[in-house]
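Participant: Please see the structure below; I have some questions.
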Amino acid sequence: AQSVTQLGSHVSVSEGALVLLRCNYSSSVPPYLFWYVQYPNQGLQLLLKYTTGATLVKGINGFEAEFKKSETSFHLTKPSAHMSDAAEYFCAVIYGNNRLAFGKGNQVVVIP
Amino acid sequence: DTGVSQDPRHKITKRGQNVTFRCDPISEHNRLYWYRQTLGQGPEFLTYFQNEAQLEKSRLLSDRFSAERPKGSFSTLEIQRTEQGDSAMYLCASGTAGYGGFFGPGTRLTVL
């Protein structure tokens, strides 16, 4: 069964510092991987996705993620955090019938 | 607006009452998904439609839950005899093959 692990429910980062959110997955087939962002009381917005091809994927708002098959990882990074990046971030893997399995999420707090 | 819409955005009900939520997907998407998200957790898959056919239901979807998608357009999710444990955010997503989905803003249900 496919599953996603996100460690550290709360992540604090200083404004201007690197944002790094870790995601590891288990999948019996080549995975499609996603990162979503959720602002308070809103739905999920797609940041980026990996399907095939280039393993470094660039998304919206300056975020990028790298698929590393050997490490079964899909970590999300942003070089310089902005106050507007404060939100909850979810890593997800797609499986049968294109439904998503999500990690528990990381609540990102940006410190001025 | 061509995104996924959900109605209502918030619903407060008393235990034992029935509630119904509506989801309007992106018009060209033939796949529609319902997810449930409880506090501090990632969304969990509930059910999936391809056009008007309900092709998969999660074990989370008890007999009190029913979903429909008449004519393959909008979808409704009904919960009968609500319980406090049903309090959650109910998210709808629509998509096409090979893609996890575009999410709506969600309906937050509070059962008193």
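Naming works like this for the structure tokens: A, B, ... for the chains as they're shown, residue 1 at the start of each chain, ligands 1 onward in shown order.
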Using only C-alpha atoms, I'd like every residue of chain A that has an atom within 12 Å of chain B; please write them out as a ChimeraX atom specification.
Facilitator: /A:3-6,8-10,31-52,88-107
Participant: DSSP on the backbone: which residues in chain B end up as strand (DSSP E)? Give the answer as JSON, numbers by chain.
Facilitator: {"B": [5, 6, 7, 10, 11, 12, 13, 19, 20, 21, 22, 23, 24, 31, 32, 33, 34, 35, 36, 37, 44, 45, 46, 47, 48, 49, 50, 53, 54, 55, 56, 57, 65, 66, 67, 68, 75, 76, 77, 78, 79, 88, 89, 90, 91, 92, 93, 94, 95, 102, 103, 107, 108, 109, 110, 111]}
Participant: Rounded to one decimal in Å, what is the spacing between CA of Asn18 in chain B and CA of Gly3 in chain B?
Facilitator: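 According to the coordinates, CA of Asn18 in chain B and CA of Gly3 in chain B are separated by 27.3 Å.
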Participant: Choose the residue, out of B:Pro70, B:Thr38, B:Val111, B:Arg64, that has the smallest atom-to-atom separation from Asp24 in chain B; count only C-alpha atoms.
Facilitator: B:Pro70
Participant: Mind giving me the straight-line distance from CA of Gln6 in chain B to CA of Leu60 in chain B in Å, one decimal?
Facilitator: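 Those two atoms sit 20.8 Å apart.
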Participant: Which value, in Å to one decimal, gives the distance between CA of Thr82 in chain B and CA of Phe21 in chain B?
Facilitator: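 Interatomic distance, CA of Thr82 in chain B to CA of Phe21 in chain B: 13.0 Å.
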Participant: Write out as a PyMOL selection string each polymer residue whose atoms come within 10 Å of Ile12 in chain B, counting only C-alpha atoms; drop sequence neighbours fewer than 4 positions from it.
Facilitator: chain B and resi 19+87+108-112
Participant: Neighbours of range 19-21 of chain A within 8 Å (only C-alpha atoms; same-chain residues fewer than 5 positions away dropped), as a VMD selection string?
Facilitator: chain A and resid 6 13 75 to 81 106
Participant: If you keep N, CA, C and O atoms, can you produce a file of those selected residues as a PDB file, in the first residue's frame?
Facilitator:
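Dumped everything to part37.pdb:
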ATOM      1  N   GLN A   6       5.712  12.427   6.555  1.00  0.00           N
ATOM      2  CA  GLN A   6       6.238  13.775   6.740  1.00  0.00           C
ATOM      3  C   GLN A   6       6.573  13.897   8.220  1.00  0.00           C
ATOM      4  O   GLN A   6       5.695  13.773   9.064  1.00  0.00           O
ATOM      5  N   VAL A  13      10.724  28.614  10.577  1.00  0.00           N
ATOM      6  CA  VAL A  13      11.813  29.094   9.733  1.00  0.00           C
ATOM      7  C   VAL A  13      11.831  30.608   9.798  1.00  0.00           C
ATOM      8  O   VAL A  13      10.788  31.266   9.846  1.00  0.00           O
ATOM      9  N   HIS A  75      11.559  15.776  -1.289  1.00  0.00           N
ATOM     10  CA  HIS A  75      11.638  16.901  -0.362  1.00  0.00           C
ATOM     11  C   HIS A  75      11.346  18.219  -1.069  1.00  0.00           C
ATOM     12  O   HIS A  75      11.775  18.445  -2.202  1.00  0.00           O
ATOM     13  N   LEU A  76      10.685  19.101  -0.347  1.00  0.00           N
ATOM     14  CA  LEU A  76      10.285  20.414  -0.874  1.00  0.00           C
ATOM     15  C   LEU A  76      11.212  21.483  -0.320  1.00  0.00           C
ATOM     16  O   LEU A  76      11.497  21.487   0.885  1.00  0.00           O
ATOM     17  N   THR A  77      11.657  22.392  -1.184  1.00  0.00           N
ATOM     18  CA  THR A  77      12.537  23.468  -0.726  1.00  0.00           C
ATOM     19  C   THR A  77      12.132  24.804  -1.329  1.00  0.00           C
ATOM     20  O   THR A  77      11.498  24.859  -2.391  1.00  0.00           O
ATOM     21  N   LYS A  78      12.524  25.843  -0.618  1.00  0.00           N
ATOM     22  CA  LYS A  78      12.424  27.212  -1.132  1.00  0.00           C
ATOM     23  C   LYS A  78      13.616  27.967  -0.559  1.00  0.00           C
ATOM     24  O   LYS A  78      13.830  27.919   0.653  1.00  0.00           O
ATOM     25  N   PRO A  79      14.385  28.631  -1.387  1.00  0.00           N
ATOM     26  CA  PRO A  79      15.635  29.234  -0.911  1.00  0.00           C
ATOM     27  C   PRO A  79      15.442  30.289   0.172  1.00  0.00           C
ATOM     28  O   PRO A  79      16.251  30.393   1.091  1.00  0.00           O
ATOM     29  N   SER A  80      14.373  31.075   0.077  1.00  0.00           N
ATOM     30  CA  SER A  80      14.209  32.205   0.981  1.00  0.00           C
ATOM     31  C   SER A  80      12.742  32.311   1.410  1.00  0.00           C
ATOM     32  O   SER A  80      11.877  32.612   0.578  1.00  0.00           O
ATOM     33  N   ALA A  81      12.493  32.073   2.670  1.00  0.00           N
ATOM     34  CA  ALA A  81      11.109  32.075   3.164  1.00  0.00           C
ATOM     35  C   ALA A  81      10.548  33.484   3.221  1.00  0.00           C
ATOM     36  O   ALA A  81      11.237  34.451   3.581  1.00  0.00           O
ATOM     37  N   ASN A 106       2.886  19.439   7.284  1.00  0.00           N
ATOM     38  CA  ASN A 106       3.809  20.272   8.060  1.00  0.00           C
ATOM     39  C   ASN A 106       3.207  21.664   8.179  1.00  0.00           C
ATOM     40  O   ASN A 106       2.914  22.292   7.151  1.00  0.00           O
TER      41      ASN A 106
END
Participant: Need the shell around Glu71 in chain A: protein/DNA/RNA residues with any atom at most 12 Å away, counting only C-alpha atoms. Skip same-chain ones fewer than 6 positions apart. Format as number ranges by chain?
Facilitator: A: 22-26
Participant: Show me, as a ChimeraX atom specification, the residues that have an atom within 8 Å of Phe65 in chain B when counting only C-alpha atoms, minus same-chain residues fewer than 4 positions from it.
Facilitator: /B:61,77-80
